[in-house]
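Student: What follows is my_file.txt; its format and atoms are compact mmCIF, C-alpha atoms and all ligand atoms.
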```txt
# COMPACT_ATOMS: atom_id res chain seq x y z
CA MET A 6 73.32 28.25 122.73
CA LYS A 7 71.55 25.12 123.88
CA PRO A 8 73.44 23.01 126.44
CA GLU A 9 73.32 19.99 124.11
CA SER A 10 74.80 22.07 121.27
CA PHE A 11 77.60 23.21 123.57
CA ALA A 12 78.25 19.62 124.66
CA PHE A 13 78.40 18.45 121.05
CA LEU A 14 80.70 21.27 120.00
CA SER A 15 83.09 20.66 122.94
CA LYS A 16 83.39 16.98 122.05
CA TRP A 17 83.84 17.73 118.35
CA LEU A 18 86.57 20.30 119.05
CA TYR A 19 88.32 18.04 121.52
CA GLU A 20 88.45 15.18 119.04
CA ARG A 21 89.56 17.42 116.21
CA THR A 22 92.11 19.66 117.97
CA GLY A 23 92.66 18.44 121.54
CA LEU A 24 91.22 21.69 122.91
CA VAL A 25 89.41 21.21 126.20
CA LEU A 26 86.40 23.47 126.56
CA GLY A 27 84.99 23.45 130.07
CA PRO A 28 81.37 24.55 130.71
CA ASP A 29 82.75 27.89 131.94
CA LYS A 30 83.85 28.65 128.36
CA LEU A 31 80.36 29.22 126.98
CA TYR A 32 81.03 32.97 126.75
CA LEU A 33 84.18 32.26 124.75
CA VAL A 34 82.33 30.03 122.28
CA GLU A 35 79.67 32.68 121.84
CA SER A 36 82.10 35.51 121.23
CA ARG A 37 84.31 33.50 118.87
CA LEU A 38 81.62 31.72 116.85
CA SER A 39 79.01 34.45 116.42
CA PRO A 40 81.08 36.11 113.64
CA VAL A 41 81.44 32.70 111.92
CA ALA A 42 77.66 32.20 112.02
CA ARG A 43 77.19 35.63 110.46
CA ARG A 44 79.79 34.98 107.78
CA PHE A 45 78.06 31.76 106.74
CA ASN A 46 74.57 33.31 107.00
CA LEU A 47 73.52 31.00 109.80
CA ALA A 48 70.93 31.97 112.39
CA GLY A 49 73.26 31.39 115.34
CA LEU A 50 75.49 28.97 117.20
CA ASP A 51 72.96 26.14 117.33
CA ALA A 52 72.78 26.37 113.55
CA ILE A 53 76.58 25.93 113.37
CA VAL A 54 76.21 22.74 115.36
CA VAL A 55 73.41 21.52 113.07
CA GLU A 56 75.73 22.02 110.08
CA ILE A 57 78.57 20.12 111.72
CA LYS A 58 76.22 17.30 112.75
CA SER A 59 75.01 17.03 109.19
CA GLY A 60 78.60 16.40 108.12
CA ARG A 61 79.55 19.82 106.74
CA GLY A 62 83.33 19.75 106.75
CA GLY A 63 85.89 21.50 104.54
CA ASP A 64 86.39 25.24 104.90
CA PHE A 65 83.37 25.57 107.17
CA ALA A 66 84.69 23.13 109.77
CA THR A 67 88.18 24.65 109.49
CA GLU A 68 86.79 28.13 110.12
CA VAL A 69 84.83 26.94 113.14
CA SER A 70 87.80 25.23 114.74
CA ASP A 71 90.21 28.05 113.77
CA ALA A 72 87.90 30.55 115.44
CA MET A 73 88.21 28.64 118.70
CA MET A 74 92.03 28.76 118.72
CA THR A 75 93.90 31.28 120.80
CA ASN A 76 96.61 32.53 118.47
CA GLU A 77 98.20 35.05 120.80
CA SER A 78 101.94 35.22 120.19
CA PHE A 79 104.73 37.74 120.19
CA PHE A 80 108.32 38.16 119.10
CA TYR A 81 110.95 36.98 121.62
CA ARG A 82 108.12 35.81 123.90
CA ASP A 83 109.41 35.67 127.49
CA VAL A 84 112.91 36.74 126.25
CA LYS A 85 114.88 34.17 128.28
CA PRO A 86 114.12 31.10 126.10
CA PHE A 87 115.49 32.93 123.08
CA GLU A 88 118.59 34.06 124.95
CA GLN A 89 119.16 30.43 125.92
CA PHE A 90 118.62 29.41 122.30
CA LYS A 91 121.28 31.87 121.15
CA ASP A 92 123.80 31.48 123.97
CA LEU A 93 123.48 27.83 124.91
CA VAL A 94 121.58 25.67 122.45
CA LEU A 95 122.99 26.99 119.17
CA PRO A 96 126.65 26.97 120.33
CA LYS A 97 126.14 23.41 121.57
CA LEU A 98 124.63 22.32 118.26
CA LEU A 99 127.21 24.21 116.18
CA GLN A 100 129.75 21.98 117.86
CA ALA A 101 127.76 18.74 117.85
CA ARG A 102 126.71 19.08 114.18
CA ALA A 103 130.02 20.47 112.89
CA GLY A 104 130.40 17.36 110.70
CA ALA A 105 126.91 17.17 109.19
CA ARG A 106 126.48 20.98 109.09
CA ARG A 107 122.75 20.58 109.30
CA LEU A 108 120.29 22.08 111.77
CA ARG A 109 116.54 21.50 111.88
CA VAL A 110 114.27 23.51 114.17
CA TRP A 111 110.52 22.98 114.57
CA SER A 112 108.14 25.62 115.86
CA ALA A 113 105.24 23.27 116.54
CA ALA A 114 102.55 25.87 117.34
CA ALA A 115 103.83 28.66 115.13
CA SER A 116 100.59 30.62 115.13
CA THR A 117 100.98 33.97 113.33
CA GLY A 118 104.72 33.48 112.85
CA GLN A 119 106.37 35.50 115.60
CA GLU A 120 108.07 32.45 117.12
CA PRO A 121 109.63 30.91 113.97
CA TYR A 122 110.61 34.37 112.70
CA THR A 123 112.29 35.14 116.03
CA LEU A 124 114.29 31.92 115.66
CA ALA A 125 115.17 32.86 112.09
CA MET A 126 116.37 36.34 113.12
CA ILE A 127 118.56 34.86 115.85
CA ILE A 128 120.14 32.42 113.40
CA LYS A 129 120.52 35.14 110.79
CA GLU A 130 122.42 37.23 113.32
CA MET A 131 124.87 34.31 113.61
CA GLU A 132 125.10 33.92 109.84
CA ALA A 133 128.89 33.74 109.73
CA LYS A 134 128.93 30.76 112.06
CA PHE A 135 126.32 28.95 109.97
CA SER A 136 128.10 29.59 106.68
CA GLY A 137 127.93 26.39 104.60
CA TRP A 138 125.20 24.92 106.83
CA LYS A 139 121.77 23.75 105.78
CA VAL A 140 119.44 25.33 108.34
CA GLU A 141 115.73 24.54 108.26
CA ILE A 142 113.08 26.18 110.41
CA ILE A 143 109.69 24.54 110.05
CA GLY A 144 106.69 26.35 111.53
CA THR A 145 103.46 24.39 111.83
CA ASP A 146 100.05 25.12 113.24
CA ILE A 147 96.55 23.70 113.01
CA SER A 148 95.08 27.12 112.26
CA ARG A 149 94.99 27.93 108.56
CA GLU A 150 94.05 31.51 109.31
CA ALA A 151 97.01 32.01 111.65
CA LEU A 152 99.36 30.47 109.08
CA GLU A 153 98.05 32.79 106.37
CA ARG A 154 98.99 35.72 108.57
CA ALA A 155 102.38 34.17 109.27
CA LYS A 156 102.99 33.71 105.55
CA ALA A 157 102.09 37.34 104.88
CA GLY A 158 104.65 38.40 107.51
CA LEU A 159 102.81 41.68 108.04
CA TYR A 160 102.50 42.92 111.62
CA THR A 161 100.79 45.85 113.31
CA GLN A 162 102.64 48.48 115.31
CA PHE A 163 101.25 46.87 118.47
CA GLU A 164 102.61 43.46 117.46
CA VAL A 165 106.12 44.68 116.70
CA GLN A 166 106.18 46.73 119.88
CA ARG A 167 105.58 43.61 121.95
CA GLY A 168 109.02 42.16 122.51
CA LEU A 169 110.83 42.91 119.27
CA PRO A 170 114.03 44.90 119.94
CA ILE A 171 114.03 48.15 117.98
CA GLN A 172 117.30 47.32 116.20
CA MET A 173 115.78 44.05 114.93
CA LEU A 174 112.70 45.95 113.76
CA MET A 175 114.89 48.39 111.83
CA LYS A 176 117.05 45.62 110.39
CA TYR A 177 114.50 43.01 109.40
CA PHE A 178 111.22 44.87 108.78
CA LYS A 179 110.11 47.65 106.52
CA PRO A 180 107.03 49.82 106.92
CA GLN A 181 104.09 49.02 104.66
CA GLY A 182 101.18 51.38 105.17
CA ASP A 183 100.52 51.35 108.91
CA ARG A 184 102.13 47.91 109.31
CA TRP A 185 105.55 46.30 109.24
CA LEU A 186 106.57 43.70 106.68
CA ILE A 187 109.22 41.16 107.58
CA SER A 188 112.15 40.97 105.17
CA ASP A 189 112.32 38.28 102.52
CA ALA A 190 115.67 37.19 103.92
CA VAL A 191 114.00 36.16 107.21
CA LYS A 192 110.79 34.93 105.61
CA GLN A 193 112.69 32.60 103.30
CA MET A 194 114.34 30.88 106.24
CA VAL A 195 110.98 29.62 107.54
CA GLN A 196 108.76 26.97 105.95
CA LEU A 197 105.15 27.17 107.17
CA ARG A 198 102.77 24.22 107.01
CA GLU A 199 99.42 23.15 108.39
CA PHE A 200 99.89 20.38 110.92
CA ASN A 201 97.73 19.02 113.73
CA LEU A 202 99.67 17.97 116.83
CA LEU A 203 97.14 15.17 117.37
CA THR A 204 98.55 13.44 114.28
CA ASP A 205 101.80 11.66 113.45
CA PRO A 206 104.61 14.15 112.70
CA GLY A 207 106.72 11.46 110.98
CA LEU A 208 106.68 13.18 107.60
CA LEU A 209 108.17 16.35 109.08
CA GLY A 210 111.44 14.50 109.71
CA GLN A 211 113.91 14.67 112.60
CA PHE A 212 114.63 17.83 114.58
CA ASP A 213 117.46 19.14 116.74
CA VAL A 214 115.30 21.71 118.51
CA VAL A 215 111.54 21.81 119.01
CA PHE A 216 109.63 24.80 120.30
CA CYS A 217 106.22 23.61 121.48
CA ARG A 218 105.28 26.62 123.53
CA ASN A 219 101.95 27.74 124.92
CA VAL A 220 99.84 25.08 123.27
CA LEU A 221 99.96 22.16 125.72
CA ILE A 222 98.13 24.38 128.22
CA TYR A 223 94.96 23.88 126.15
CA PHE A 224 95.18 20.06 126.30
CA ASP A 225 94.32 17.51 128.98
CA GLN A 226 96.96 15.21 130.49
CA PRO A 227 96.53 12.24 128.09
CA THR A 228 96.70 14.56 125.07
CA LYS A 229 99.79 16.33 126.45
CA ALA A 230 101.49 12.97 127.03
CA ALA A 231 100.61 11.69 123.56
CA VAL A 232 101.76 14.90 121.84
CA LEU A 233 105.05 14.88 123.76
CA ALA A 234 105.64 11.19 122.94
CA ARG A 235 105.18 11.90 119.24
CA ILE A 236 107.51 14.90 119.42
CA ALA A 237 110.15 12.82 121.25
CA LYS A 238 110.19 10.35 118.35
CA GLN A 239 111.05 13.18 115.95
CA MET A 240 114.00 14.45 117.98
CA SER A 241 117.66 13.64 117.88
CA ALA A 242 118.93 12.06 121.09
CA ASP A 243 120.81 15.23 122.02
CA GLY A 244 118.00 17.55 120.94
CA PHE A 245 116.31 20.31 122.92
CA LEU A 246 112.62 20.81 123.61
CA TYR A 247 111.21 24.16 124.66
CA LEU A 248 107.87 24.48 126.46
CA GLY A 249 106.00 27.60 127.56
CA GLY A 250 106.39 29.22 130.97
CA ALA A 251 103.23 27.56 132.33
CA GLU A 252 104.04 24.13 130.88
CA THR A 253 106.16 21.22 132.07
CA VAL A 254 106.90 17.58 131.29
CA LEU A 255 106.95 16.72 134.98
CA GLY A 256 104.08 14.42 135.87
CA VAL A 257 103.12 14.23 132.18
CA THR A 258 105.75 12.12 130.43
CA ASP A 259 109.13 10.52 131.09
CA ARG A 260 110.24 10.99 127.47
CA PHE A 261 111.88 14.29 128.37
CA VAL A 262 114.00 15.47 131.27
CA PRO A 263 114.49 19.02 132.50
CA ILE A 264 117.89 20.49 131.76
CA GLN A 265 119.29 21.56 135.06
CA GLY A 266 119.45 25.26 135.64
CA GLN A 267 117.66 26.04 132.36
CA ARG A 268 114.00 26.59 133.00
CA GLY A 269 111.68 25.61 130.17
CA ILE A 270 114.22 23.51 128.22
CA TYR A 271 114.13 19.73 128.19
CA GLY A 272 116.40 17.03 126.85
CA VAL A 273 115.28 13.71 125.37
CA ALA A 274 115.35 10.93 127.99
CA ALA A 275 117.44 7.89 127.14
CA SER A 276 114.86 5.34 125.94
CA GLY A 277 113.61 2.77 128.37
CA GLN A 278 115.27 4.40 131.35
CA ALA A 279 113.86 6.39 134.18
CA ALA A 280 114.59 9.96 133.24
CA PRO A 281 118.08 10.92 134.45
CA VAL A 282 118.80 14.60 134.98
CA PRO A 283 121.47 15.58 132.46
CA LYS A 284 124.57 17.26 133.85
CA VAL A 285 124.80 21.02 133.52
CA ALA A 286 127.69 20.26 131.16
CA ARG A 287 125.05 19.47 128.57
CA ALA A 288 124.80 23.17 128.12
C1 LIG A 301 98.86 30.66 122.07
S1 LIG A 301 99.44 30.15 120.51
C2 LIG A 301 101.16 29.87 120.83
C3 LIG A 301 102.04 30.50 119.80
C4 LIG A 301 103.55 30.44 120.07
N1 LIG A 301 104.01 29.09 120.19
C5 LIG A 301 103.90 31.24 121.29
O1 LIG A 301 104.30 30.67 122.30
O2 LIG A 301 103.80 32.47 121.24
C6 LIG A 301 98.79 28.48 120.43
C7 LIG A 301 98.74 27.93 119.02
O3 LIG A 301 98.51 26.53 119.08
C8 LIG A 301 97.75 26.16 117.95
N2 LIG A 301 97.14 24.85 118.18
C9 LIG A 301 96.14 24.52 119.03
N3 LIG A 301 95.82 23.22 118.92
C10 LIG A 301 96.68 22.69 118.00
C11 LIG A 301 96.85 21.40 117.46
N4 LIG A 301 96.08 20.36 117.83
N5 LIG A 301 97.81 21.23 116.53
C12 LIG A 301 98.60 22.27 116.13
N6 LIG A 301 98.47 23.52 116.60
C13 LIG A 301 97.52 23.73 117.53
C14 LIG A 301 96.75 27.30 117.82
O4 LIG A 301 96.20 27.36 116.53
C15 LIG A 301 97.60 28.50 118.19
O5 LIG A 301 98.12 29.13 117.03
```
Here is the file; what I need is its structure written in the form of structure tokens.
Tutor:
Amino acid sequence: MKPESFAFLSKWLYERTGLVLGPDKLYLVESRLSPVARRFNLAGLDAIVVEIKSGRGGDFATEVSDAMMTNESFFYRDVKPFEQFKDLVLPKLLQARAGARRLRVWSAAASTGQEPYTLAMIIKEMEAKFSGWKVEIIGTDISREALERAKAGLYTQFEVQRGLPIQMLMKYFKPQGDRWLISDAVKQMVQLREFNLLTDPGLLGQFDVVFCRNVLIYFDQPTKAAVLARIAKQMSADGFLYLGGAETVLGVTDRFVPIQGQRGIYGVAASGQAAPVPKVARA
């Protein structure tokens, strides 16, 4: 791939998705985009760039940017955040929303569905407590291909072996050929939609909990700050934000504050104030 093609593609992807592609990622571009070139009968990666430059958008552009996304995900990823969700966040919200009986959770980089379905299984396990509640789990992602897989809810043996407790596999999945299909009961709890974090999430509504895990790592500081500011606007004042293990709000934004003693969970900062650290009692 010519250096000028690489430079063009990096800029195009950055503007479209926020993904930062350093010059050391040439190998990645080649391995991810060669199959796309073949699928569209193009001579190679430079030809992909020629098409984009000539304004070819639609499915072609979506396939090119989707191919550059890292969709790696697994059920109960890192375990602890989901334990906290079950033992700390949900009990807190069951109490705080006892009047409205409404809970809205956003999985903002839902990828192939493991994260929103994990949240759904946890809530399903607490079904009795949520009786009479309207619970919404919205999973969004920029990648159409990942969302198609999420909607199918069909996972390989390898995927269900990564993190999913065996009793949850037995309870909420059934074998289909050499794969595992998630039950309708869990699938129906999750709404999946295409959404780009670089755009305004206003239409998605307000959320009590947002999982935005393992996506900010691909963005630069200004993009991280802008994404977090937009998410903050969509959250209730007592809401909870989850980031991935390698991500933080510290040094990025003052819209969120770490919740003491709970790694990876953040509360919404009171507007206009320097971020106070909420008391542990928040939990
Ligand atoms: C590594 S996966 C993380 C999946 C899941 N949150 C987890 O922690 O397992 C990152 C996801 O972010 C999505 N993504 C990247 N840029 C995005 C953007 N601008 N808007 C929405 N999703 C984006 C990718 O398509 C990919 O599915």
Student: Take CA of Val254 in chain A and CA of Gly272 in chain A and report the distance between them in Å, one decimal.
Tutor: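 These two atoms are separated by 10.5 Å.
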Student: Within 12 Å of range 91-108 of chain A, counting all atoms listed in the file, which residues qualify if same-chain residues fewer than 4 places away don't, as a ChimeraX atom specification?
Tutor: /A:81,84-87,123-143,194,210-215,240-247,264,266-267,270-272,285-288
Student: Could you list, as a ChimeraX atom specification, all residues that come within 8 Å of ligand LIG 301 (chain A)? Count only C-alpha atoms and all ligand atoms.
Tutor: /A:21-24,71,74-80,82,112-120,145-148,151,199-203,216-220,223,249
Student: To one decimal place in Å, what is the distance between CA of Tyr122 in chain A and CA of Gly269 in chain A?
Tutor: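 Answer for the CA of Tyr122 in chain A to CA of Gly269 in chain A separation: 19.6 Å.
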Student: Rounded to one decimal, what separation in Å do you get between CA of Ala155 in chain A and CA of Arg235 in chain A?
Tutor: 24.6 Å
